[in-house]
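Okay, structure first, notes after.
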Amino acid sequence: MEFNIIDEGFLENEKNFKNGLERIFIFGVFEGEEKTFLKNKSLKKFDFINKIIKEKDFVPKNGKTILLQHPVLSLVFGLGEKEKFFQELRWMPGIILHDSLRVFISASLRVAKENNIKEATFIIPGFKEKFHSEKGLFYMGAGIVEGAQLGLYEFKKYFSKKNEKNKKDIENINVFFEGAVNTNKTAKNIEKGFEFGKLTSRATNFARDLANEPGNVITPSSLANVAKGIADKNKNIKCEIFGEKQIINKGMNAFYGVARGSKNPPRFIHLTYKPALKGKNKTLKKIALVGKGITFDSGGLSLKPADYMTNMKSDKSGACAVLGIMKYISELSPRLEVHGIIAACENMPDGGAQRPDDIVKALNGKTIEIENTDAEGRLTLADALSFAVNLRVDEIIDMATLTGACVVALGEYTSGVMGNNNDLIEKIIKASGISGERMWELPFDDNMKEKLSSPVADLKNVGNRYGGAITAGMFLQEFVQGNVKWCHIDIAGPAFTKTGFLYNPKGATGAGVRTMLYYLEQH
Ligand code: BES
Ligand code: MN
Ligand code: ZN
């Protein structure tokens with residue numbers, strides 16, 4: 001799919017209106033501007049739209065549309081209130097980018113695809129007054145590509161009959177920014193954003209593909225093979241895999257305890273990205289990205305009820321996010337050393353499985369009483385986090401489908417953010433504001449530590465009914481020794497969607513990928 005910025009010349013050229021069946025023109029319209037939005041003289045030929053708007057008394061509330069077939073296929077798309085659309089980001093003064101832009105692009109291109117369109121031309125209004133900063137233009141460009149590439153994503157490799165009505169991919173996306181983009185510099189910034197958006201979209205869709213694979217296809221060892229493949233194709237990335245014996249020998253018993261109940265043996269995955277730097281090799285900041293990699297979560301002996309077990313193939317979403325980021329990181333080439341760390345295993349209940357009441361000793365020496373084998377993610381992450389700490393990195397960010405409690409607290413679309421460093425937490429939440437992913441901080445409270453105290457070991461692996469996302473995060477904190485900055489993102493809500501939301505179709509969403517790439521891009 002190609003993205004181009006077009007000017008008045010394109011709209012005035014008759015040749016761009018031929019083959020009406022293969023083209024669509026998409027008009028974003030703000031509430032209150034439905035009678036004036038076609039005032040630009042190069043849009044004269046769309047006068048027929050005015051008539052329909054009057055006849056239908058159309059009010060362009062957010063998401064409301066009119067589709068017209070003649071003389072050219074045209075979609076009028078309501079953008080709601082202008083002030084809201086061009087709202088400044090709460091944590092990023094000066095950056096104007098509302099996620100509605102992605103939703104607009106995504107929803108209207110879905111209509112285009114239904115109509116087998118080859119070329120879609122967007123007319124985006126209002127940019128004269130709301131001229132963006134350089135960075136704002138860049139993010140806007142990225143958001144446009146993301147809306148398209150993420151919104152049109154499909155996972156259909158397992159259908160045996162290739163659907164004859166299968167819609168073709170849209171080839172060209174043209175964007176006309178009303179009144180604003182007539183300088184080269186403006187266009188350059190948007191185009192740079194297009195490139196970044198292609199990268200974030202590929203990474204996200206790669207993570208989605210992987211997380212959508214079922215547990216009989218993606219096992220810990222096949223996940224490790226994916227990691228190896230990423231390193232093989234990338235001279236800046238190394239991959240190290242530990243098998244069962246090494247996991248035991250290194251003392252990753254918290255991780256190994258979870259793995260014991262499955263026929264599919266665990267793998268510990270460690271990817272390292274080091275940029276190729278010209279000249280002197282300065283000491284680089286080191287970041288570790290840790291992903292929860294449970295290839296299927298049955299709950300173990302504390303077995304989940306059937307209803308709660310479906311879609312638990314998505315319990316590897318954090319790991320898939322890490323792999324998506326690592327696969328594309330050399331294209332971003334941040335001046336950072338980045339480690340991707342995944343303790344991959346399957347949580348199953350066979351005769352070798354870990355029991356409730358078992359006591360295990362984690363990599364950092366702390367002992368854990370297992371109260372519930374379904375609280376397995378924090379056990380695997382405990383050892384993965386200690387491993388990251390031992391690498392002497394400056395920052396650790398983990399992504400995990402950790403708790404149902406987080407979904408109860410924040411809803412299905414918002415991730416919970418916790419950690420030991422306010423500055424890092426703030427940076428991640430800011431990055432999420434630009435990426436459009438919803439993230440919100442949950443408060444740690446030392447007064448809650450006693451919920452994790454055990455009569456027989458240093459800790460137990462579950463708290464009580466209340467604040468489960470927080471106690472899970474506080475459990476993780478026990479394995480982040482020293483003064484490394486650490487941030488935990490509980491993606492249990494948005495990682496997988498049964499219904500689809502915004503520009504996320506049904507299934508895995510690739511949650512976390514974009515926010516991390518936007519964060520890394522700032523380095
Ligand atoms: N993988 C689940 C959490 C989860 C739930 C992710 C729903 C996505 C959607 C995790 O391993 C789990 O089972 N957590 C338990 C913890 C409890 C036993 C303390 C939970 O949330 O119920
Ligand atoms: Mn579980
Ligand atoms: Zn789990």
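Here's how to read the names in the structure tokens: chain A, B, ... by the order shown, residue numbers from 1 in each chain, ligand numbers from 1 in the order shown.
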
Using only C-alpha atoms and all ligand atoms, which residues of chain A come within 7 Å of ligand 3, and what is the closest atom pair for each, with the distance in Å to one decimal? Give it as a tab-separated table, sorted by chain and residue number.
residue	atom	partner	partner_atom_place_in_ligand_line	distance
A:Ile294	CA	ligand 3	1 (Zn)	6.4
A:Asp297	CA	ligand 3	1 (Zn)	5.2
A:Asp315	CA	ligand 3	1 (Zn)	5.5
A:Asp374	CA	ligand 3	1 (Zn)	6.6
A:Ala375	CA	ligand 3	1 (Zn)	6.5
A:Glu376	CA	ligand 3	1 (Zn)	5.8
A:Gly377	CA	ligand 3	1 (Zn)	5.0
A:Thr401	CA	ligand 3	1 (Zn)	6.4
A:Leu402	CA	ligand 3	1 (Zn)	5.9

Grab the residues selected above and save them as a short mmCIF file (atom, residue, chain, number, x, y, z; two decimals), in the first residue's frame with N, CA and C atoms.
data_model
loop_
_atom_site.label_atom_id
_atom_site.label_comp_id
_atom_site.auth_asym_id
_atom_site.auth_seq_id
_atom_site.Cartn_x
_atom_site.Cartn_y
_atom_site.Cartn_z
N ILE A 294 3.25 -17.10 28.00
CA ILE A 294 2.53 -18.35 28.29
C ILE A 294 1.80 -18.74 27.00
N ASP A 297 -2.67 -20.81 28.65
CA ASP A 297 -2.88 -20.77 30.10
C ASP A 297 -4.17 -21.50 30.45
N ASP A 315 -2.30 -15.55 25.91
CA ASP A 315 -1.52 -15.24 27.12
C ASP A 315 -0.02 -15.07 26.79
N ASP A 374 -2.81 -20.75 38.83
CA ASP A 374 -3.27 -19.90 37.73
C ASP A 374 -2.64 -18.50 37.80
N ALA A 375 -2.00 -18.21 38.90
CA ALA A 375 -1.25 -16.94 38.96
C ALA A 375 0.18 -17.25 38.53
N GLU A 376 0.30 -17.71 37.26
CA GLU A 376 1.56 -18.26 36.77
C GLU A 376 2.44 -17.20 36.09
N GLY A 377 1.80 -16.17 35.54
CA GLY A 377 2.57 -15.19 34.77
C GLY A 377 3.61 -14.51 35.64
N THR A 401 -0.04 -10.06 29.90
CA THR A 401 -1.47 -10.28 30.13
C THR A 401 -1.59 -10.89 31.52
N LEU A 402 -1.39 -10.04 32.53
CA LEU A 402 -1.14 -10.58 33.86
C LEU A 402 -2.38 -10.88 34.69
#

Expected answer as an NGL selection string: residues within 8 Å of ligand 1, only C-alpha atoms and all ligand atoms:
:A and (294 or 297 or 299 or 304 or 308 or 312 or 314-315 or 372-378 or 401-407 or 461-465 or 468-469 or 472 or 491-493 or 495-496)

Pick from A:Asn390, A:Asn347, A:Asn264, A:Asn19 nearest to ligand 2, counting only C-alpha atoms and all ligand atoms
A:Asn347

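Using only C-alpha atoms and all ligand atoms, the nearest neighbour of ligand 2 within the list A:Leu332, A:Val258, A:Cys320, A:Met418 is A:Val258.
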
Residues within 7 Å of region 66-78 of chain A, please, as number ranges by chain. Count only C-alpha atoms; anything in the same chain fewer than 3 positions from it doesn't count.
A: 20, 23-30, 60-63

Name the residues of region 271-512 of chain A that fall into strand (DSSP E or B) according to DSSP on the backbone, using the chain letters and numbers of this document, as a VMD selection string.
chain A and resid 271 to 273 285 to 297 336 to 347 359 to 361 367 to 369 395 to 400 414 to 419 438 to 441 459 to 460 485 to 490 496 to 497 501 504 507 to 508

Can you write out the residues you just picked, keeping C-alpha atoms, as an mmCIF file, in the first residue's frame?
data_model
loop_
_atom_site.group_PDB
_atom_site.id
_atom_site.type_symbol
_atom_site.label_atom_id
_atom_site.label_comp_id
_atom_site.auth_asym_id
_atom_site.auth_seq_id
_atom_site.Cartn_x
_atom_site.Cartn_y
_atom_site.Cartn_z
ATOM 1 C CA LEU A 271 17.506 -11.400 22.006
ATOM 2 C CA THR A 272 20.077 -8.599 22.006
ATOM 3 C CA TYR A 273 20.054 -5.645 19.641
ATOM 4 C CA LYS A 285 21.887 3.151 27.476
ATOM 5 C CA LYS A 286 20.532 -0.372 27.919
ATOM 6 C CA ILE A 287 16.858 -1.236 27.929
ATOM 7 C CA ALA A 288 15.290 -4.645 28.539
ATOM 8 C CA LEU A 289 11.854 -5.493 27.166
ATOM 9 C CA VAL A 290 10.341 -8.448 28.972
ATOM 10 C CA GLY A 291 7.227 -10.194 27.647
ATOM 11 C CA LYS A 292 4.960 -12.720 29.350
ATOM 12 C CA GLY A 293 5.107 -15.793 27.133
ATOM 13 C CA ILE A 294 2.533 -18.350 28.289
ATOM 14 C CA THR A 295 1.701 -20.132 25.030
ATOM 15 C CA PHE A 296 -1.497 -21.411 26.619
ATOM 16 C CA ASP A 297 -2.885 -20.772 30.099
ATOM 17 C CA LEU A 336 20.341 2.017 22.544
ATOM 18 C CA GLU A 337 21.169 -1.523 23.464
ATOM 19 C CA VAL A 338 17.842 -3.337 23.606
ATOM 20 C CA HIS A 339 17.284 -6.771 25.123
ATOM 21 C CA GLY A 340 14.181 -8.840 24.404
ATOM 22 C CA ILE A 341 13.540 -11.387 27.136
ATOM 23 C CA ILE A 342 10.855 -14.080 27.229
ATOM 24 C CA ALA A 343 10.372 -16.983 29.645
ATOM 25 C CA ALA A 344 8.173 -19.109 27.383
ATOM 26 C CA CYS A 345 6.173 -22.071 28.653
ATOM 27 C CA GLU A 346 2.712 -23.570 28.762
ATOM 28 C CA ASN A 347 0.598 -23.682 31.944
ATOM 29 C CA ILE A 359 7.359 -23.828 47.503
ATOM 30 C CA VAL A 360 9.874 -22.732 44.869
ATOM 31 C CA LYS A 361 13.078 -20.711 45.051
ATOM 32 C CA THR A 367 11.133 -18.340 48.080
ATOM 33 C CA ILE A 368 7.529 -18.397 46.898
ATOM 34 C CA GLU A 369 4.593 -20.396 48.207
ATOM 35 C CA GLU A 395 15.609 0.282 32.353
ATOM 36 C CA ILE A 396 13.253 -2.671 32.272
ATOM 37 C CA ILE A 397 9.794 -2.552 30.725
ATOM 38 C CA ASP A 398 7.605 -5.609 30.919
ATOM 39 C CA MET A 399 4.384 -6.297 29.037
ATOM 40 C CA ALA A 400 2.086 -9.010 30.339
ATOM 41 C CA THR A 414 -6.921 0.211 28.810
ATOM 42 C CA SER A 415 -3.628 -1.200 30.084
ATOM 43 C CA GLY A 416 -2.504 -0.723 33.681
ATOM 44 C CA VAL A 417 0.906 0.856 34.198
ATOM 45 C CA MET A 418 2.923 0.400 37.383
ATOM 46 C CA GLY A 419 6.572 0.555 38.383
ATOM 47 C CA ARG A 438 -4.935 3.579 26.279
ATOM 48 C CA MET A 439 -2.774 3.304 29.388
ATOM 49 C CA TRP A 440 -3.345 4.405 32.945
ATOM 50 C CA GLU A 441 -1.298 4.261 36.102
ATOM 51 C CA LEU A 459 6.087 -14.528 49.533
ATOM 52 C CA LYS A 460 2.960 -16.178 48.229
ATOM 53 C CA LYS A 485 14.177 1.710 36.625
ATOM 54 C CA TRP A 486 11.271 -0.612 35.948
ATOM 55 C CA CYS A 487 7.822 -0.245 34.462
ATOM 56 C CA HIS A 488 5.165 -2.966 34.246
ATOM 57 C CA ILE A 489 2.344 -2.801 31.690
ATOM 58 C CA ASP A 490 -0.601 -5.117 32.359
ATOM 59 C CA PHE A 496 -7.167 -9.641 22.714
ATOM 60 C CA THR A 497 -10.651 -8.600 21.616
ATOM 61 C CA PHE A 501 -12.639 -2.098 18.830
ATOM 62 C CA ASN A 504 -8.411 -3.447 16.105
ATOM 63 C CA GLY A 507 -8.537 -11.277 17.865
ATOM 64 C CA ALA A 508 -5.062 -10.248 18.946
#

Test item, alpha helix (DSSP H) assignment across region 335-489 of chain A, answer as an MDAnalysis selection string
chainID A and resid 377:390 404:410 422:435 468:477

Preceding selection exported with N, CA and C atoms as a CSV table (one decimal), in the first residue's frame:
chain,number,residue,atom,x,y,z
A,377,GLY,N,1.8,-16.2,35.5
A,377,GLY,CA,2.6,-15.2,34.8
A,377,GLY,C,3.6,-14.5,35.6
A,378,ARG,N,3.2,-14.2,36.9
A,378,ARG,CA,4.1,-13.5,37.8
A,378,ARG,C,5.3,-14.4,38.2
A,379,LEU,N,5.1,-15.7,38.1
A,379,LEU,CA,6.2,-16.6,38.5
A,379,LEU,C,7.2,-16.7,37.3
A,380,THR,N,6.7,-16.7,36.1
A,380,THR,CA,7.6,-16.8,35.0
A,380,THR,C,8.4,-15.4,34.8
A,381,LEU,N,7.6,-14.3,35.1
A,381,LEU,CA,8.2,-13.0,35.0
A,381,LEU,C,9.2,-12.7,36.1
A,382,ALA,N,9.0,-13.3,37.2
A,382,ALA,CA,9.9,-13.1,38.4
A,382,ALA,C,11.3,-13.4,37.9
A,383,ASP,N,11.5,-14.6,37.3
A,383,ASP,CA,12.8,-15.0,36.9
A,383,ASP,C,13.3,-14.2,35.6
A,384,ALA,N,12.4,-13.9,34.7
A,384,ALA,CA,12.8,-13.1,33.6
A,384,ALA,C,13.2,-11.7,34.0
A,385,LEU,N,12.6,-11.1,35.0
A,385,LEU,CA,13.0,-9.8,35.5
A,385,LEU,C,14.3,-9.9,36.2
A,386,SER,N,14.5,-10.9,37.0
A,386,SER,CA,15.8,-11.0,37.7
A,386,SER,C,16.9,-11.2,36.7
A,387,PHE,N,16.6,-12.0,35.6
A,387,PHE,CA,17.6,-12.2,34.6
A,387,PHE,C,18.0,-10.8,33.9
A,388,ALA,N,17.0,-10.0,33.7
A,388,ALA,CA,17.2,-8.7,33.1
A,388,ALA,C,18.0,-7.8,34.0
A,389,VAL,N,17.7,-7.8,35.3
A,389,VAL,CA,18.4,-7.1,36.3
A,389,VAL,C,19.9,-7.5,36.3
A,390,ASN,N,20.2,-8.8,36.2
A,390,ASN,CA,21.5,-9.3,36.1
A,390,ASN,C,22.3,-8.8,34.9
A,404,GLY,N,-6.8,-10.7,35.3
A,404,GLY,CA,-8.2,-10.3,35.0
A,404,GLY,C,-8.6,-9.1,35.8
A,405,ALA,N,-8.0,-8.9,37.0
A,405,ALA,CA,-8.3,-7.8,37.9
A,405,ALA,C,-8.1,-6.5,37.2
A,406,CYS,N,-7.0,-6.4,36.4
A,406,CYS,CA,-6.7,-5.2,35.7
A,406,CYS,C,-7.8,-4.8,34.7
A,407,VAL,N,-8.5,-5.9,34.1
A,407,VAL,CA,-9.6,-5.6,33.2
A,407,VAL,C,-10.8,-5.1,33.9
A,408,VAL,N,-11.0,-5.7,35.1
A,408,VAL,CA,-12.1,-5.2,36.0
A,408,VAL,C,-11.9,-3.8,36.3
A,409,ALA,N,-10.6,-3.4,36.7
A,409,ALA,CA,-10.3,-2.1,37.1
A,409,ALA,C,-10.5,-1.0,36.0
A,410,LEU,N,-9.9,-1.3,34.9
A,410,LEU,CA,-9.7,-0.3,33.8
A,410,LEU,C,-10.6,-0.5,32.6
A,422,ASN,N,8.8,7.1,38.8
A,422,ASN,CA,7.8,8.0,38.3
A,422,ASN,C,8.1,8.5,36.9
A,423,ASP,N,9.4,8.8,36.7
A,423,ASP,CA,9.8,9.4,35.4
A,423,ASP,C,9.6,8.4,34.3
A,424,LEU,N,9.9,7.2,34.5
A,424,LEU,CA,9.7,6.2,33.4
A,424,LEU,C,8.2,5.9,33.2
A,425,ILE,N,7.5,5.8,34.3
A,425,ILE,CA,6.0,5.6,34.1
A,425,ILE,C,5.4,6.8,33.3
A,426,GLU,N,5.8,8.0,33.6
A,426,GLU,CA,5.3,9.1,32.9
A,426,GLU,C,5.7,9.1,31.4
A,427,LYS,N,6.9,8.7,31.1
A,427,LYS,CA,7.3,8.7,29.7
A,427,LYS,C,6.5,7.6,29.0
A,428,ILE,N,6.2,6.5,29.6
A,428,ILE,CA,5.5,5.4,28.9
A,428,ILE,C,4.0,5.9,28.7
A,429,ILE,N,3.4,6.6,29.7
A,429,ILE,CA,2.1,7.0,29.5
A,429,ILE,C,2.0,8.1,28.5
A,430,LYS,N,3.0,9.0,28.4
A,430,LYS,CA,3.1,10.0,27.3
A,430,LYS,C,3.1,9.3,26.0
A,431,ALA,N,4.0,8.3,25.8
A,431,ALA,CA,4.2,7.6,24.6
A,431,ALA,C,2.8,7.0,24.2
A,432,SER,N,2.1,6.5,25.2
A,432,SER,CA,0.8,5.8,24.8
A,432,SER,C,-0.2,6.9,24.3
A,433,GLY,N,-0.1,8.1,24.8
A,433,GLY,CA,-0.9,9.2,24.4
A,433,GLY,C,-0.8,9.4,22.9
A,434,ILE,N,0.5,9.3,22.4
A,434,ILE,CA,0.7,9.6,21.0
A,434,ILE,C,0.4,8.3,20.2
A,435,SER,N,0.7,7.2,20.7
A,435,SER,CA,0.4,5.9,19.9
A,435,SER,C,-1.1,5.6,19.9
A,468,GLY,N,-6.2,-6.7,42.6
A,468,GLY,CA,-5.4,-7.8,42.1
A,468,GLY,C,-4.3,-7.4,41.1
A,469,ALA,N,-4.6,-6.4,40.3
A,469,ALA,CA,-3.6,-6.0,39.4
A,469,ALA,C,-2.4,-5.3,40.1
A,470,ILE,N,-2.7,-4.6,41.2
A,470,ILE,CA,-1.7,-3.9,42.0
A,470,ILE,C,-0.8,-5.0,42.7
A,471,THR,N,-1.5,-5.9,43.4
A,471,THR,CA,-0.7,-6.9,44.1
A,471,THR,C,0.2,-7.7,43.2
A,472,ALA,N,-0.4,-8.0,42.0
A,472,ALA,CA,0.5,-8.7,41.0
A,472,ALA,C,1.7,-7.9,40.6
A,473,GLY,N,1.5,-6.6,40.4
A,473,GLY,CA,2.6,-5.7,40.1
A,473,GLY,C,3.6,-5.7,41.2
A,474,MET,N,3.1,-5.6,42.4
A,474,MET,CA,3.9,-5.5,43.6
A,474,MET,C,4.7,-6.8,43.8
A,475,PHE,N,4.1,-7.9,43.4
A,475,PHE,CA,4.8,-9.2,43.5
A,475,PHE,C,6.0,-9.1,42.5
A,476,LEU,N,5.8,-8.6,41.3
A,476,LEU,CA,6.9,-8.5,40.4
A,476,LEU,C,8.0,-7.7,40.9
A,477,GLN,N,7.6,-6.6,41.6
A,477,GLN,CA,8.6,-5.7,42.1
A,477,GLN,C,9.7,-6.4,43.0

Counting only C-alpha atoms and all ligand atoms, the option among A:Ser108, A:Glu114, A:Glu83, A:Gly300 closest to ligand 2:
A:Gly300

Would you mind reading off the distance between CA of Ser330 (chain A) and CA of Ser317 (chain A), one decimal, in Å?
21.5 Å

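Comparing A:Ala276, A:Leu502, A:Leu301, A:Ile6 by their smallest distance to Ala148 (chain A), the closest is A:Leu502 (using only C-alpha atoms).
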
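Near Asp57 (chain A), within 12 Å and counting only C-alpha atoms, sit Gly32, Glu34, Lys35, Ile49, Asn50, Lys51, Ile52 and Ile66 of chain A, not including residues fewer than 5 positions from it in the same chain.
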
What is the distance between CA of Ala142 (chain A) and CA of Phe196 (chain A), in Å to one decimal?
5.7 Å
